[in-house]
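A.B. asks: Before anything else, here's the structure in question.
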Amino acid sequence: TLSGTLNLSGTIQGAGDLTVSGTVNVNGGTFAGTGTLTLSTTASVISTGSSTISSAVTNLGTLSVTSGTLTIASSLDNQGTLKGGGTIDGSVSNAGIVKPGDGTAPGLLSITGGYTQTSGGTLSIVATGSTAGTGYGQLSVGGPITLAGTLALDVSYSSQIGDVFRVLDNTGLNAISGNFQNVAEQSSVIIDGRAFSATYLGGTGNDATLTLDAYVNTWTATVSGDWNNAANWSRGTVPAPNEDVVITPSNSSLTISVTGGSFTARRITSTAV
C-alpha cells in the first residue's frame with residue numbers, strides 16, 4: 001500500500017498488487033507490474049506528460065488525466081471519479097463518474113480505446129459556453145461505445161435556443177450501442193431546467209448530441225392559482241412563447257386562473273400524480 005504523497009517521474013516495478021491511498025503526481029512515470037493497481041477511495045492520482053500503467057487499474061478514488069497521455073496497457077475499471085483534459089490510451093469501463101475537464105471547468109477528455117458505461121455510471125458535463133472542450137465538456141472515444149447509466153449536464157451560462165452540445169464525440173466508425181437511461185434516441189429531455197432534443201446520430205452521424213429547444217418553466221403555485229403571477233413559476237417569470245411549461249398537480253384536480261385574458265407557452269405538459 002502506498003500512502004502519503006509521491007512525485008513519480010521514473011518507474012515503480014513489482015510483481016504483486018499495489019494499492020494507492022494517498023496522492024501520486026505522475027509526470028512521465030511508469031507503474032510496471034503484473035498485478036492490479038487499485039486506487040482506494042482516498043487516493044488522488046494526477047497524470048501529466050506521457051505516463052504508463054502496465055497493469056490493470058481499478059479506480060475507487062480520483063484519477064485526473066490533466067494533460068498529456070496516460071497509457072493503460074490492460075484496462076481501467078472506473079468506480080470513482082475520472083476527470084481531466086488529456087488522453088487515455090486504452091479502454092475504460094465506467095461505473096462511477098467521468099467528468100471531462102477539472103470537475104468545475106470544462107475540458108476535452110479523450111479515450112483511444114473503447115468506452116463502456118454501466119447502469120451505475122454517469123457522464124457528467126459542465127457547460128459554461130457553446131464550444132466543445134473550452135465551453136462545455138466533451139468525451140471523445142475512438143473505440144466501441146456501449147452506454148447505460150446517466151448523462152448529467154450542468155449549464156451555467158446564458159445559453160441560447162439552438163445551442164448544440166456534442167457531449168460524446170464518437171471518432172470511430174461504428175454507431176453507439178445502447179443509450180443513457182435518462183436520454184432516449186430522438187427524445188425531448190429536460191435537464192437542468194432546459195428542454196433538449198437528443199440523438200445518438202448527431203455530429204458526424206454517430207455522436208451523442210443535445211440541442212437546446214426551450215427553457216422549462218414549472219408551475220409551483222407558490223402564492224396563488226394565477227397563471228400571470230410570476231411568483232407561481234420556477235423561473236420567477238410568467239412563461240414566454242418560447243418556453244415549455246410543466247404542470248404537476250398536487251392532487252387529481254387543479255384550477256389555474258388567467259388574469260388579463262391570455263397566456264403564452266411553446267408547449268404545455270401536465271403530469272397528474
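Chain lettering (A, B, ...) mirrors the order of the C-alpha cells, residue numbering begins at 1 for each chain separately, and ligand numbering begins at 1 in order of display.
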Where does region 107-218 of chain A meet region 60-78 of chain A within 12 Å, residue by residue, with the nearest atom pair and distance in Å to one decimal for each, counting only C-alpha atoms, listed by chain and rising number, as JSON lines?

C.D. replies:
```
{"residue": "A:Gly107", "atom": "CA", "partner": "A:Thr66", "partner_atom": "CA", "distance": 9.4}
{"residue": "A:Leu108", "atom": "CA", "partner": "A:Ser67", "partner_atom": "CA", "distance": 9.9}
{"residue": "A:Leu109", "atom": "CA", "partner": "A:Val65", "partner_atom": "CA", "distance": 8.1}
{"residue": "A:Ser110", "atom": "CA", "partner": "A:Thr69", "partner_atom": "CA", "distance": 9.2}
{"residue": "A:Ile111", "atom": "CA", "partner": "A:Thr69", "partner_atom": "CA", "distance": 9.6}
{"residue": "A:Thr112", "atom": "CA", "partner": "A:Thr71", "partner_atom": "CA", "distance": 9.6}
{"residue": "A:Gly113", "atom": "CA", "partner": "A:Ser75", "partner_atom": "CA", "distance": 9.7}
{"residue": "A:Gly114", "atom": "CA", "partner": "A:Ser75", "partner_atom": "CA", "distance": 10.0}
{"residue": "A:Tyr115", "atom": "CA", "partner": "A:Leu76", "partner_atom": "CA", "distance": 9.9}
{"residue": "A:Thr116", "atom": "CA", "partner": "A:Asp77", "partner_atom": "CA", "distance": 9.7}
{"residue": "A:Gln117", "atom": "CA", "partner": "A:Asn78", "partner_atom": "CA", "distance": 9.5}
{"residue": "A:Thr118", "atom": "CA", "partner": "A:Asn78", "partner_atom": "CA", "distance": 10.3}
{"residue": "A:Gly120", "atom": "CA", "partner": "A:Asn78", "partner_atom": "CA", "distance": 10.8}
{"residue": "A:Gly121", "atom": "CA", "partner": "A:Asn78", "partner_atom": "CA", "distance": 8.9}
{"residue": "A:Thr122", "atom": "CA", "partner": "A:Asn78", "partner_atom": "CA", "distance": 10.7}
{"residue": "A:Leu123", "atom": "CA", "partner": "A:Asn78", "partner_atom": "CA", "distance": 11.8}
```

A.B. asks: Let's see if you can do this: from backbone DSSP, list all strand (DSSP E or B) residues in region 17-263 of chain A, as an NGL selection string.

C.D. replies: :A and (18-20 or 23-27 or 30-33 or 36-39 or 44-48 or 50-53 or 56-59 or 62-65 or 69-72 or 76-78 or 81-84 or 87-89 or 92-94 or 97-101 or 106 or 108-111 or 115-117 or 122-127 or 132 or 136 or 138-141 or 145-147 or 150-155 or 164-170 or 177-178 or 188-191 or 194-202 or 207-219 or 226 or 233 or 243-247 or 257)

A.B. asks: Report as a PyMOL selection string all protein, DNA and RNA residues lying within 7 Å of Ser9 (chain A), evaluated on only C-alpha atoms, omitting residues in the same chain fewer than 6 positions from it.

C.D. replies: chain A and resi 26-29

A.B. asks: When you count only C-alpha atoms, which of these residues is closest to Val126 (chain A): A:Ser50, A:Thr146, A:Thr19, A:Asp192?

C.D. replies: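 Going through A:Ser50, A:Thr146, A:Thr19, A:Asp192 one by one, the smallest distance to Val126 (chain A) is for A:Asp192.
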
A.B. asks: With distances taken over only C-alpha atoms, which of A:Thr237, A:Gln79, A:Asn228, A:Gln138 is nearest to Phe263 (chain A)?

C.D. replies: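 For Phe263 (chain A), the nearest of the given residues is A:Asn228.
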
A.B. asks: Quick one: residues within 9 Å of Arg266 (chain A), only C-alpha atoms counted, chain neighbours fewer than 6 positions away excluded, as a list in words?

C.D. replies: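 Selected residues are Ala214, Pro239, Ala240, Pro241, Asn242, Glu243, Asp244 and Val245 of chain A.
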
A.B. asks: Please produce a file of the residues just selected, as a PDB file, in the first residue's frame, where the atoms kept are C-alpha atoms.

C.D. replies:
```
ATOM      1  CA  ALA A 214     -36.565  25.656 -24.958  1.00  0.00           C
ATOM      2  CA  PRO A 239     -43.981  31.749 -19.290  1.00  0.00           C
ATOM      3  CA  ALA A 240     -42.811  33.198 -22.591  1.00  0.00           C
ATOM      4  CA  PRO A 241     -43.819  31.926 -26.069  1.00  0.00           C
ATOM      5  CA  ASN A 242     -40.505  30.043 -26.431  1.00  0.00           C
ATOM      6  CA  GLU A 243     -40.720  28.261 -23.050  1.00  0.00           C
ATOM      7  CA  ASP A 244     -42.004  24.789 -22.212  1.00  0.00           C
ATOM      8  CA  VAL A 245     -44.429  24.684 -19.319  1.00  0.00           C
TER       9      VAL A 245
END
```

A.B. asks: With distances taken over only C-alpha atoms, which residue among A:Arg166, A:Arg267, A:Arg194, A:Arg235 lies nearest Tyr136 (chain A)?

C.D. replies: A:Arg166

A.B. asks: Measuring atom to atom with only C-alpha atoms, identify which of A:Ser119, A:Tyr157, A:Gly22, A:Trp219 is nearest to Ile268 (chain A).

C.D. replies: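 Distance minimum relative to Ile268 (chain A) lands on A:Trp219.
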
A.B. asks: Counting only C-alpha atoms, which of A:Thr211, A:Asn206, A:Asn174, A:Thr81 gets nearest to Ile161 (chain A)?

C.D. replies: A:Thr211

A.B. asks: My list of candidates is A:Gly202, A:Gly143, A:Gly260, A:Gly149. Which is closest to Phe165 (chain A) when distances are computed with only C-alpha atoms?

C.D. replies: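 Closest residue, counting only C-alpha atoms: A:Gly202.
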
A.B. asks: Residues within 8 Å of Gly172 (chain A), please, as a list in words. Count only C-alpha atoms; anything in the same chain fewer than 4 positions from it doesn't count.

C.D. replies: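 In the requested form, the answer reads Val141, Gly142, Gly143 and Pro144 of chain A.
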